[in-house]
Amino acid sequence: MKILVTGGLGFIGSHTVVELQNEGFEVIIIDDLSNSSLKVLDGIANITGINTAFEKLDLRDKAKVQDFFIRHHDISGVIHFAASKAVGESVGKPLEYYENNINTLVYLLQELQKKPEANFIFSSSCTVYGQAEKMPITEDASIQPAMSPYGNTKQIGEEIITDVAKVTNINAILLRYFNPIGAHPSAEIGELPIGVPQNLVPFITQTGFGLRQELSVYGDDYPTPDGTCIRDYIHVVDLAKAHVIALQRLLDKKNLDKVEIFNLGTGTGSSVLEVIHAFEKVSGLKLPYKIVPRREGDITSAYANTDKANNVLGWKAQFTLEEAMASAWKWEQKIRS
């Protein structure tokens with residue numbers, strides 16, 4: 001079966017392409033290369049031995065999206081990663097985030113609704129919960145007002161998919177994931193931010209390597225054990241495998257509703273300082289960091305209740321925080337060598 005992966009050269013997308021190919025799927029990637037590199041195709045090929053079909057395409061171009069689906073009418077499923085994804089950046093550039101994250105979703109769904117049957121996996125986020133009222137967060141937790149334009153685009157995206165699925169032949173699974181980190185154990189692919197990293201772990205590894213003078217820890221006065229924010233850090237390979245399982249669920253028609261929702265995390269919260277200490281342990285380095293004021297858009301704590309994904313999907317995260325940090329460090333060392 002042919003599967004379209006949008007944003008397939010990005011961090012989570014590339015790892016999912018590998019896992020899809022490991023399970024025998026034919027994959028075609030769309031990516032506009034705005035936050036990724038063609039070199040990732042070589043990394044995927046080095047792991048799987050497959051030269052993946054690729055098209056450079058900006059999904060904001062409605063006519064080109066239409067043309068793509070005319071040429072590729074035999075696509076059995078879509079996994080949609082393509083989106084702008086930095087919480088802090090979205091606060092300063094809200095219109096860019098709404099255009100990129102909402103318009104592209106609408107154009108994809110407009111084409112999929114023309115098909116007699118369509119299977120759609122949406123890359124959602126724990127940011128849809130805002131600052132949840134209780135931990136760990138279940139899928140039934142109330143959706144709080146978004147703390148950032150990025151989080152709002154994920155909330156709106158879920159609403160759009162739910163509305164469309166009611167009146168079309170589209171079946172969808174919304175995967176709300178927590179904080180993806182790490183890299184493929186081969187160190188052939190990993191997180192490759194362009195410019196200054198917006199996420200914690202690549203900033204840690206770049207600081208460890210000496211590319212950054214020191215790490216900024218945004219606030220140590222949160223109501224947490226050590227005062228720093230708590231998140232649920234999940235290894236990207238675990239996350240990628242969950243996408244394949246969710247897709248197979250739709251293809252096998254095992255979904256119980258037109259739209260299903262699953263949290264993807266480890267079920268364990270780790271503070272920023274705990275992540276730093278995990279890096280120091282696996283790298284043997286002392287990481288320079290300083291405490292700076294809180295960052296707008298950040299919430300205090302978010303970690304998942306993963307019972308539904310464990311029991312219904314039959315998926316469970318396997319990697320530890322230290323294993324994820326070790327793989328991220330191995331990847332950083334490889335790309336700088």
# chains A, B, ... in the order shown; residues from 1 in each chain; ligands from 1

call {"tool": "residues_around", "arguments": {"residues": "Asn101 (chain A)", "least_positions_apart": "4", "cutoff": "7 Å", "atoms": "only C-alpha atoms", "output": "ChimeraX atom specification"}}
result
/A:83-84,97,105,153

call {"tool": "closest_atom_pairs", "arguments": {"of": "region 149-223 of chain A", "to": "region 106-116 of chain A", "cutoff": "10 Å", "atoms": "only C-alpha atoms", "output": "CSV"}}
result
residue,atom,partner,partner_atom,distance
A:Gly157,CA,A:Val106,CA,8.7
A:Ile160,CA,A:Val106,CA,7.9
A:Ile161,CA,A:Leu109,CA,7.9
A:Val164,CA,A:Leu109,CA,7.9
A:Ala165,CA,A:Gln113,CA,8.7
A:Val167,CA,A:Gln113,CA,9.0
A:Thr168,CA,A:Gln113,CA,5.8
A:Asn169,CA,A:Pro116,CA,6.2
A:Ile170,CA,A:Gln113,CA,6.4

call {"tool": "write_last_selection", "arguments": {"atoms": "all heavy atoms", "output": "mmCIF file, in the first residue's frame"}}
result
data_model
loop_
_atom_site.group_PDB
_atom_site.id
_atom_site.type_symbol
_atom_site.label_atom_id
_atom_site.label_comp_id
_atom_site.auth_asym_id
_atom_site.auth_seq_id
_atom_site.Cartn_x
_atom_site.Cartn_y
_atom_site.Cartn_z
ATOM 1 N N GLY A 157 -7.183 22.281 14.232
ATOM 2 C CA GLY A 157 -6.987 21.162 13.307
ATOM 3 C C GLY A 157 -7.814 19.954 13.701
ATOM 4 O O GLY A 157 -8.460 19.313 12.854
ATOM 5 N N ILE A 160 -11.455 20.625 12.861
ATOM 6 C CA ILE A 160 -11.705 20.530 11.422
ATOM 7 C C ILE A 160 -11.834 19.067 10.994
ATOM 8 O O ILE A 160 -12.775 18.684 10.289
ATOM 9 C CB ILE A 160 -10.577 21.226 10.633
ATOM 10 C CG1 ILE A 160 -10.633 22.746 10.842
ATOM 11 C CG2 ILE A 160 -10.659 20.890 9.141
ATOM 12 C CD1 ILE A 160 -9.418 23.485 10.304
ATOM 13 N N ILE A 161 -10.887 18.250 11.427
ATOM 14 C CA ILE A 161 -10.903 16.830 11.052
ATOM 15 C C ILE A 161 -12.174 16.157 11.561
ATOM 16 O O ILE A 161 -12.823 15.384 10.843
ATOM 17 C CB ILE A 161 -9.655 16.113 11.602
ATOM 18 C CG1 ILE A 161 -8.397 16.658 10.926
ATOM 19 C CG2 ILE A 161 -9.751 14.603 11.391
ATOM 20 C CD1 ILE A 161 -7.114 16.307 11.649
ATOM 21 N N VAL A 164 -15.158 17.252 9.442
ATOM 22 C CA VAL A 164 -15.109 16.699 8.081
ATOM 23 C C VAL A 164 -15.418 15.199 8.087
ATOM 24 O O VAL A 164 -16.128 14.690 7.217
ATOM 25 C CB VAL A 164 -13.736 16.978 7.441
ATOM 26 C CG1 VAL A 164 -13.582 16.236 6.119
ATOM 27 C CG2 VAL A 164 -13.545 18.477 7.225
ATOM 28 N N ALA A 165 -14.896 14.491 9.076
ATOM 29 C CA ALA A 165 -15.104 13.041 9.136
ATOM 30 C C ALA A 165 -16.590 12.685 9.283
ATOM 31 O O ALA A 165 -17.032 11.633 8.810
ATOM 32 C CB ALA A 165 -14.300 12.444 10.288
ATOM 33 N N VAL A 167 -19.073 13.899 7.774
ATOM 34 C CA VAL A 167 -19.850 14.008 6.532
ATOM 35 C C VAL A 167 -19.094 13.481 5.313
ATOM 36 O O VAL A 167 -19.519 13.700 4.180
ATOM 37 C CB VAL A 167 -20.270 15.477 6.296
ATOM 38 C CG1 VAL A 167 -21.246 15.924 7.374
ATOM 39 C CG2 VAL A 167 -19.053 16.408 6.266
ATOM 40 N N THR A 168 -17.975 12.792 5.530
ATOM 41 C CA THR A 168 -17.202 12.231 4.416
ATOM 42 C C THR A 168 -16.805 10.793 4.747
ATOM 43 O O THR A 168 -17.123 10.266 5.811
ATOM 44 C CB THR A 168 -15.912 13.046 4.169
ATOM 45 O OG1 THR A 168 -15.036 12.891 5.302
ATOM 46 C CG2 THR A 168 -16.218 14.522 3.955
ATOM 47 N N ASN A 169 -16.070 10.182 3.827
ATOM 48 C CA ASN A 169 -15.559 8.823 4.036
ATOM 49 C C ASN A 169 -14.162 8.821 4.645
ATOM 50 O O ASN A 169 -13.434 7.828 4.538
ATOM 51 C CB ASN A 169 -15.553 8.055 2.708
ATOM 52 C CG ASN A 169 -16.961 7.659 2.291
ATOM 53 O OD1 ASN A 169 -17.765 7.279 3.116
ATOM 54 N ND2 ASN A 169 -17.241 7.773 1.005
ATOM 55 N N ILE A 170 -13.781 9.926 5.259
ATOM 56 C CA ILE A 170 -12.472 10.008 5.912
ATOM 57 C C ILE A 170 -12.568 9.421 7.318
ATOM 58 O O ILE A 170 -13.458 9.764 8.092
ATOM 59 C CB ILE A 170 -11.984 11.467 5.996
ATOM 60 C CG1 ILE A 170 -11.754 12.019 4.584
ATOM 61 C CG2 ILE A 170 -10.708 11.568 6.828
ATOM 62 C CD1 ILE A 170 -11.437 13.511 4.551
#

call {"tool": "closest_residue", "arguments": {"among": "A:Gln333, A:Thr320, A:Ser34, A:Ser14", "to": "Gly210 (chain A)", "atoms": "only C-alpha atoms"}}
result
A:Gln333

call {"tool": "closest_residue", "arguments": {"among": "A:Ile173, A:Met1, A:Glu296, A:Asp74", "to": "Glu89 (chain A)", "atoms": "only C-alpha atoms"}}
result
A:Glu296

call {"tool": "residues_around", "arguments": {"residues": "Gln248 (chain A)", "least_positions_apart": "5", "cutoff": "12 Å", "atoms": "only C-alpha atoms", "output": "list of chain:residue names"}}
result
A:Met1, A:Ile3, A:Leu20, A:Glu23, A:Gly24, A:Phe25, A:Ser76, A:Gly77, A:Val78, A:Ile79, A:Asn119, A:Phe120, A:Ile121, A:Ala172, A:Ile173, A:Lys241, A:Ala242, A:His243, A:Lys253, A:Lys254, A:Asn255, A:Leu313, A:Gly314

call {"tool": "closest_residue", "arguments": {"among": "A:Val217, A:Leu57, A:Ile276, A:Leu285", "to": "Ile29 (chain A)", "atoms": "only C-alpha atoms"}}
result
A:Leu57

call {"tool": "closest_residue", "arguments": {"among": "A:Ile137, A:Ala82, A:Ala328, A:Leu256", "to": "Arg176 (chain A)", "atoms": "only C-alpha atoms"}}
result
A:Ile137

call {"tool": "atom_distance", "arguments": {"atom1": "CA of Ile194 (chain A)", "atom2": "CA of Ile335 (chain A)"}}
result
13.1 Å

call {"tool": "atom_distance", "arguments": {"atom1": "CA of Pro94 (chain A)", "atom2": "CA of Asn171 (chain A)"}}
result
29.2 Å
